[in-house]
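Data first, discussion second: the structure below is written as C-alpha cells.
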Amino acid sequence: MKNLHRSLVIGCSALALAGCGADEIVSPGTGGNVTINNPAPTPAPAPAPTPTSTLATPAASCPQIANPTQLLDLGTISGPTGTYRRCRLPESFTASSTLPRVAGTLYELNGQTDVGVDQGFGSTNTAVTLDIEPGVIIFASGNDFLNVNRGNKLNAVGTAAKPIIFTSRQNVEGSTSTDTSGQWGGIILSGRAPVVDCFVGSEAAGTCERRVEGATNQILYGGAQSNDSSGTLSYVQIRFSGFALSNGDELQSLTTGGIGSGTVINNIQSYNSSDDGAEFFGGSVRASRLAIIGAEDDSLDTDTGLKGLFDQVLIVQRPTASDTAIEQDSDGNEEAAPRTNVRVNNATMVVQSATGDRGIRIRGSSDFSLFNSLVWDRLGTNGGCLNVQGASVDRAAGANDESGPVVFNSVALQCATNFRGGSGSTAAQVEARFDAGAANTKAFTNTLARLTGITTGAPFINGSAENTYNPIFDANAVSSFFPTGRSYIGAVPSEAANWAEGWTCNSATVTLGLNNTGSCDTLPQI
C-alpha cells in the first residue's frame with residue numbers, strides 16, 4: 001500500500017517578518033549609538049523544528065479480545081513504513097470477537113484461521129461473528145488463509161478513509177513489486193445457499209453440498225437458504241493472494257461458496273491474485289463496486305449454480321500475466337438446478353492479456369447477461385472479446401434455463417476480434433446473439449481517461465463516448481438490486497464520481513485514486 005510521508009519545516013525570513021511570532025524577531029537593542037542611514041542587521045533565522053517522524057512505532061502489547069484463546073504477541077515486525085507489534089490470531093475463533101484498530105499493531109493469520117466451526121447444511125443459527133474495525137491491517141504468508149465456516153459471519157467493514165487491508169508479510173517488509181503475487185492464501189466465505197455439482201448429497205433431493213477446492217482440510221458449503229448471510233465485507237483490499245495450498249490448487253483473493261443474498265459485498269479491491277481475482281461458487285451473490293486488478297487467471301470467475309448480480313465492476317488486467325476478464329461455467333452439470341445465472345451491470349473491462357486469451361468466456365451452456373458495459377482489447381491481441389461455448393448462444397428458456405440464450409444490452413466492444421465460438425457454437429452464432437440485444441456496438445471507440453496528472457497505467461474513467469451512450473438499458477427492470485436512472489455505460493462515470501478514490505491502492509497497472517492509501521507496495525500509516 002502506499003504512504004505519503006511529509007515533513008513540514010517552518011521558518012521565517014527577513015522578507016516575511018509579518019508572519020513570524022515574537023520569539024522569531026531579533027531585537028537590535030538600545031545600547032550605543034545607532035547610525036540611522038545603515039540597514040539593520042539581518043535577523044538570525046529561527047531554528048527549524050525537528051521533523052516529526054511518520055514511521056509507525058509498535059504498540060506496547062497486543063489488545064485483549066473476547067475469544068478464549070487470545071492473540072499471541074510475537075514481538076515486532078519492521079518494514080519501510082515503520083515497526084509494528086505483531087499479534088498472531090488464534091487458529092480458531094470460538095466466541096464472537098472484535099479486532100480493534102490499534103496504532104502500531106498488525107494482525108497475523110495462523111495457518112487455516114477459522115471463524116467458528118461448520119454449523120451444517122440445515123442449520124439456521126449464527127454461532128460466531130468476527131468483527132474487524134476500519135483501518136485494521138492483517139498479514140499472512142504461505143498457506144495462511146481466513147476461513148469463515150457455514151453458520152458464522154465475518155464483518156470486515158472499513159470506510160473510504162480507513163479501509164481494511166489483507167496482505168502478505170512481504171508487503172509489510174517492503175519486498176513486493178508490480179508482478180508480486182501468490183504470497184498467502186486468501187479469504188473464504190462459506191454459506192448455506194443452494195449449489196450444484198455435489199460432493200455430498202444430490203441436486204434432485206435438494207441436499208447438495210460442495211467442498212472448497214485447494215483447502216487441505218475439508219470445508220463444506222451449501223444449504224437451502226438462498227438469503228443466508230455470511231456477514232459484510234465493505235471497503236476491503238486483498239493483496240498478493242493465491243498461494244497453492246494443495247494439489248496445485250490456489251485460493252483467490254476472495255472465494256465464496258454457497259453464500260446467500262443476505263451477505264453484503266461492496267467496495268472490494270482484489271490486487272495481484274495469482275489465481276482468480278474473485279471466484280463465486282453457487283449461492284446467491286449480490287456484489288457492487290468491485291475493483292479487480294492484476295489477477296493472473298480470471299478476474300471474475302463464477303460457477304456451480306451461482307445466482308449472481310454484480311454492479312459497477314472495474315477489471316484491469318496486468319499485461320505481464322492474465323487470462324480472461326470473466327469466466328463462467330456450470331462445471332459440466334448444465335441442466336442441474338439451480339442453473340448458473342449471472343448478470344453484470346455497468347462494467348469496464350480493460351482486457352490486456354499476456355497470453356492473448358479471451359475477454360469473456362461463457363462455458364457449459366450457462367446463463368449470462370451483460371448490461372451497460374465496455375469491453376476493451378487494449379493491446380489488440382485478444383483471442384475474442386466474447387467467447388460463448390455450447391448451447392447458450394441459441395437455446396430456448398426451459399424449466400431450469402432461466403434466461404435462455406446469453407443476453408447483451410447496451411454493450412460496447414472495442415476488440416481486434418469480437419466473437420469466438422467453441423464446444424458446439426460458432427463465432428457467427430455468438431455475433432448473432434450479440435446483434436439480437438438492444439443498443440450494442442461492435443466497433444466502439446472509447447474515450448476512457450486516466451486521473452488528472454497521471455500519465456502511466458491504464459485509463460478507466462469514462463469520457464464523453466461512454467457518458468453519452470444511447471440508449472442505456474434499464475437493468476433495474478431485471479433486478480431491483482441494480483439502480484435505475486444511470487445514463488452511462490462502464491463502471492466509473494467521472495473523476496468526481498470515482499468510487500475507487502480514497503480506499504484503494506495504486507500500481508503500475510492502474511492509478512485508481514489521487515488521495516488514496518498510496519502504492520500497493522507499501523502500507524498506509526496506522
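By convention in this document, the chains of the C-alpha cells carry letters A, B, ... by their order, each chain's residues are numbered from 1, and ligands are numbered from 1 in the order they are shown.
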Find the spatial neighbours of region 476-478 of chain A, counting only C-alpha atoms, within a cut-off of 12 Å - ignore same-chain residues fewer than 6 positions away - and output them as a PDB file with N, CA and C atoms, in the first residue's frame.
ATOM      1  N   LEU A 309     -25.523 -11.304  -9.030  1.00  0.00           N
ATOM      2  CA  LEU A 309     -25.776  -9.955  -9.527  1.00  0.00           C
ATOM      3  C   LEU A 309     -24.568  -9.103  -9.158  1.00  0.00           C
ATOM      4  N   ASP A 311     -22.708  -5.286  -9.820  1.00  0.00           N
ATOM      5  CA  ASP A 311     -22.943  -3.931 -10.297  1.00  0.00           C
ATOM      6  C   ASP A 311     -21.690  -3.095 -10.105  1.00  0.00           C
ATOM      7  N   VAL A 342     -25.730 -15.490 -14.133  1.00  0.00           N
ATOM      8  CA  VAL A 342     -25.022 -14.310 -13.641  1.00  0.00           C
ATOM      9  C   VAL A 342     -25.386 -13.111 -14.499  1.00  0.00           C
ATOM     10  N   ARG A 343     -25.617 -11.975 -13.843  1.00  0.00           N
ATOM     11  CA  ARG A 343     -25.960 -10.740 -14.536  1.00  0.00           C
ATOM     12  C   ARG A 343     -25.028  -9.638 -14.046  1.00  0.00           C
ATOM     13  N   VAL A 344     -24.385  -8.977 -14.989  1.00  0.00           N
ATOM     14  CA  VAL A 344     -23.389  -7.947 -14.684  1.00  0.00           C
ATOM     15  C   VAL A 344     -23.848  -6.640 -15.313  1.00  0.00           C
ATOM     16  N   ASN A 345     -23.828  -5.580 -14.517  1.00  0.00           N
ATOM     17  CA  ASN A 345     -24.275  -4.266 -14.992  1.00  0.00           C
ATOM     18  C   ASN A 345     -23.183  -3.230 -14.737  1.00  0.00           C
ATOM     19  N   ASN A 346     -22.994  -2.336 -15.704  1.00  0.00           N
ATOM     20  CA  ASN A 346     -22.026  -1.234 -15.597  1.00  0.00           C
ATOM     21  C   ASN A 346     -20.621  -1.732 -15.247  1.00  0.00           C
ATOM     22  N   SER A 369     -25.847 -12.581 -18.533  1.00  0.00           N
ATOM     23  CA  SER A 369     -26.323 -11.318 -19.106  1.00  0.00           C
ATOM     24  C   SER A 369     -25.337 -10.215 -18.778  1.00  0.00           C
ATOM     25  N   LEU A 370     -25.105  -9.335 -19.751  1.00  0.00           N
ATOM     26  CA  LEU A 370     -24.206  -8.194 -19.569  1.00  0.00           C
ATOM     27  C   LEU A 370     -24.918  -6.940 -20.049  1.00  0.00           C
ATOM     28  N   PHE A 371     -24.952  -5.916 -19.180  1.00  0.00           N
ATOM     29  CA  PHE A 371     -25.670  -4.684 -19.482  1.00  0.00           C
ATOM     30  C   PHE A 371     -24.749  -3.480 -19.299  1.00  0.00           C
ATOM     31  N   ASN A 372     -24.923  -2.476 -20.152  1.00  0.00           N
ATOM     32  CA  ASN A 372     -24.320  -1.145 -19.955  1.00  0.00           C
ATOM     33  C   ASN A 372     -22.820  -1.219 -19.663  1.00  0.00           C
ATOM     34  N   SER A 403     -32.889 -17.825 -18.231  1.00  0.00           N
ATOM     35  CA  SER A 403     -32.876 -16.673 -19.128  1.00  0.00           C
ATOM     36  C   SER A 403     -32.619 -17.052 -20.577  1.00  0.00           C
ATOM     37  N   VAL A 407     -27.408 -12.869 -22.970  1.00  0.00           N
ATOM     38  CA  VAL A 407     -28.061 -11.602 -23.256  1.00  0.00           C
ATOM     39  C   VAL A 407     -27.043 -10.477 -23.173  1.00  0.00           C
ATOM     40  N   ASN A 409     -27.112  -6.202 -23.648  1.00  0.00           N
ATOM     41  CA  ASN A 409     -27.866  -4.976 -23.913  1.00  0.00           C
ATOM     42  C   ASN A 409     -27.014  -3.761 -23.549  1.00  0.00           C
ATOM     43  N   THR A 484     -31.677   2.378 -10.817  1.00  0.00           N
ATOM     44  CA  THR A 484     -32.278   2.948 -12.018  1.00  0.00           C
ATOM     45  C   THR A 484     -31.775   4.374 -12.201  1.00  0.00           C
ATOM     46  N   GLY A 485     -31.891   4.901 -13.404  1.00  0.00           N
ATOM     47  CA  GLY A 485     -31.584   6.303 -13.642  1.00  0.00           C
ATOM     48  C   GLY A 485     -30.172   6.592 -14.094  1.00  0.00           C
ATOM     49  N   ARG A 486     -29.311   5.600 -14.256  1.00  0.00           N
ATOM     50  CA  ARG A 486     -27.967   5.874 -14.760  1.00  0.00           C
ATOM     51  C   ARG A 486     -28.024   6.196 -16.249  1.00  0.00           C
TER      52      ARG A 486
END
Exercise for the section: From the DSSP assignment of the backbone, select every residue of region 448-503 of chain A that is alpha helix (DSSP H), and format the answer as a VMD selection string. Expected result: chain A and resid 464 to 467
With N, CA and C atoms retained, export the selected residues as a PDB file, in the first residue's frame.
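Okay, result20.pdb is ready:
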ATOM      1  N   SER A 464     -16.590  11.218 -22.876  1.00  0.00           N
ATOM      2  CA  SER A 464     -17.860  11.595 -23.495  1.00  0.00           C
ATOM      3  C   SER A 464     -18.537  10.430 -24.201  1.00  0.00           C
ATOM      4  N   ALA A 465     -17.755   9.555 -24.834  1.00  0.00           N
ATOM      5  CA  ALA A 465     -18.371   8.449 -25.584  1.00  0.00           C
ATOM      6  C   ALA A 465     -19.130   7.503 -24.658  1.00  0.00           C
ATOM      7  N   GLU A 466     -18.587   7.271 -23.469  1.00  0.00           N
ATOM      8  CA  GLU A 466     -19.246   6.375 -22.526  1.00  0.00           C
ATOM      9  C   GLU A 466     -20.442   7.053 -21.847  1.00  0.00           C
ATOM     10  N   ASN A 467     -20.296   8.354 -21.585  1.00  0.00           N
ATOM     11  CA  ASN A 467     -21.338   9.063 -20.833  1.00  0.00           C
ATOM     12  C   ASN A 467     -22.479   9.580 -21.695  1.00  0.00           C
TER      13      ASN A 467
END
Practice task
Taking the chain letters and numbering used in this document, name the residues of region 133-195 of chain A that DSSP puts in strand (DSSP E), as a list in words.
Solution key: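 Selection result, strand (DSSP E) within region 133-195 of chain A: Ile137, Ile138, Phe139, Ala140, Phe145, Leu146, Asn147, Val148, Lys153, Leu154, Asn155, Ala156, Val157, Ile164, Ile165, Phe166, Thr167, Ser168, Ile187, Ile188, Leu189 and Ser190 of chain A.
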May I have the selected residues written with N, CA and C atoms, as a compact mmCIF listing (two decimals), in the first residue's frame?
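In the end it all went to selection.txt:
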# COMPACT_ATOMS: atom_id res chain seq x y z
N ILE A 137 -5.05 -3.80 9.61
CA ILE A 137 -4.25 -4.49 8.60
C ILE A 137 -3.93 -5.88 9.12
N ILE A 138 -4.22 -6.87 8.29
CA ILE A 138 -3.95 -8.27 8.62
C ILE A 138 -3.01 -8.82 7.57
N PHE A 139 -1.92 -9.45 7.99
CA PHE A 139 -0.98 -10.00 7.03
C PHE A 139 -0.86 -11.51 7.20
N ALA A 140 -0.29 -12.14 6.19
CA ALA A 140 -0.19 -13.60 6.18
C ALA A 140 0.94 -14.00 5.26
N PHE A 145 -4.65 -18.72 5.54
CA PHE A 145 -5.86 -18.16 4.94
C PHE A 145 -6.93 -18.03 6.00
N LEU A 146 -7.90 -17.14 5.75
CA LEU A 146 -9.00 -16.91 6.67
C LEU A 146 -10.22 -17.67 6.16
N ASN A 147 -10.77 -18.54 7.00
CA ASN A 147 -11.89 -19.39 6.61
C ASN A 147 -13.08 -19.13 7.52
N VAL A 148 -14.18 -18.66 6.93
CA VAL A 148 -15.40 -18.41 7.68
C VAL A 148 -16.36 -19.56 7.37
N LYS A 153 -20.07 -15.63 10.77
CA LYS A 153 -20.03 -14.39 9.98
C LYS A 153 -18.69 -13.69 10.12
N LEU A 154 -18.32 -13.00 9.04
CA LEU A 154 -17.22 -12.06 9.04
C LEU A 154 -17.78 -10.68 8.72
N ASN A 155 -17.62 -9.75 9.63
CA ASN A 155 -17.99 -8.35 9.38
C ASN A 155 -16.70 -7.54 9.29
N ALA A 156 -16.17 -7.43 8.09
CA ALA A 156 -14.98 -6.61 7.84
C ALA A 156 -15.47 -5.34 7.16
N VAL A 157 -15.79 -4.35 7.96
CA VAL A 157 -16.44 -3.14 7.47
C VAL A 157 -15.49 -1.96 7.67
N ILE A 164 -9.98 -1.70 5.33
CA ILE A 164 -9.35 -2.86 5.95
C ILE A 164 -8.48 -3.52 4.90
N ILE A 165 -7.27 -3.92 5.29
CA ILE A 165 -6.31 -4.45 4.33
C ILE A 165 -5.86 -5.85 4.75
N PHE A 166 -6.01 -6.80 3.83
CA PHE A 166 -5.42 -8.13 3.96
C PHE A 166 -4.25 -8.20 3.00
N THR A 167 -3.06 -8.54 3.48
CA THR A 167 -1.90 -8.51 2.60
C THR A 167 -0.87 -9.55 3.06
N SER A 168 0.28 -9.51 2.42
CA SER A 168 1.32 -10.51 2.69
C SER A 168 2.39 -9.96 3.62
N ILE A 187 -9.24 -15.23 1.38
CA ILE A 187 -10.40 -15.25 2.27
C ILE A 187 -11.45 -16.18 1.69
N ILE A 188 -11.99 -17.08 2.54
CA ILE A 188 -13.06 -17.99 2.14
C ILE A 188 -14.29 -17.71 2.97
N LEU A 189 -15.41 -17.48 2.29
CA LEU A 189 -16.71 -17.35 2.96
C LEU A 189 -17.58 -18.52 2.53
N SER A 190 -18.04 -19.32 3.47
CA SER A 190 -18.92 -20.45 3.17
C SER A 190 -20.31 -20.19 3.74
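The interatomic distance for the pair CA of Gln414 (chain A) and CA of Thr348 (chain A) works out to 11.5 Å.
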Practice task
Mind giving me the straight-line distance from CA of Thr178 (chain A) to CA of Ser253 (chain A) in Å, one decimal?
Solution key: 16.6 Å
Practice task
Have a look at A:Ile489, A:Ile219, A:Ala291, A:Ile77 and name the one nearest to Tyr469 (chain A); count only C-alpha atoms.
Solution key: A:Ile489
Problem - Shortest interatomic distance to Ser230 (chain A) - which of A:Met349, A:Ile259, A:Cys62, A:Ile472, counting only C-alpha atoms - result: A:Ile259
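Between CA of Cys520 (chain A) and CA of Arg101 (chain A) the interatomic distance comes to 20.1 Å.
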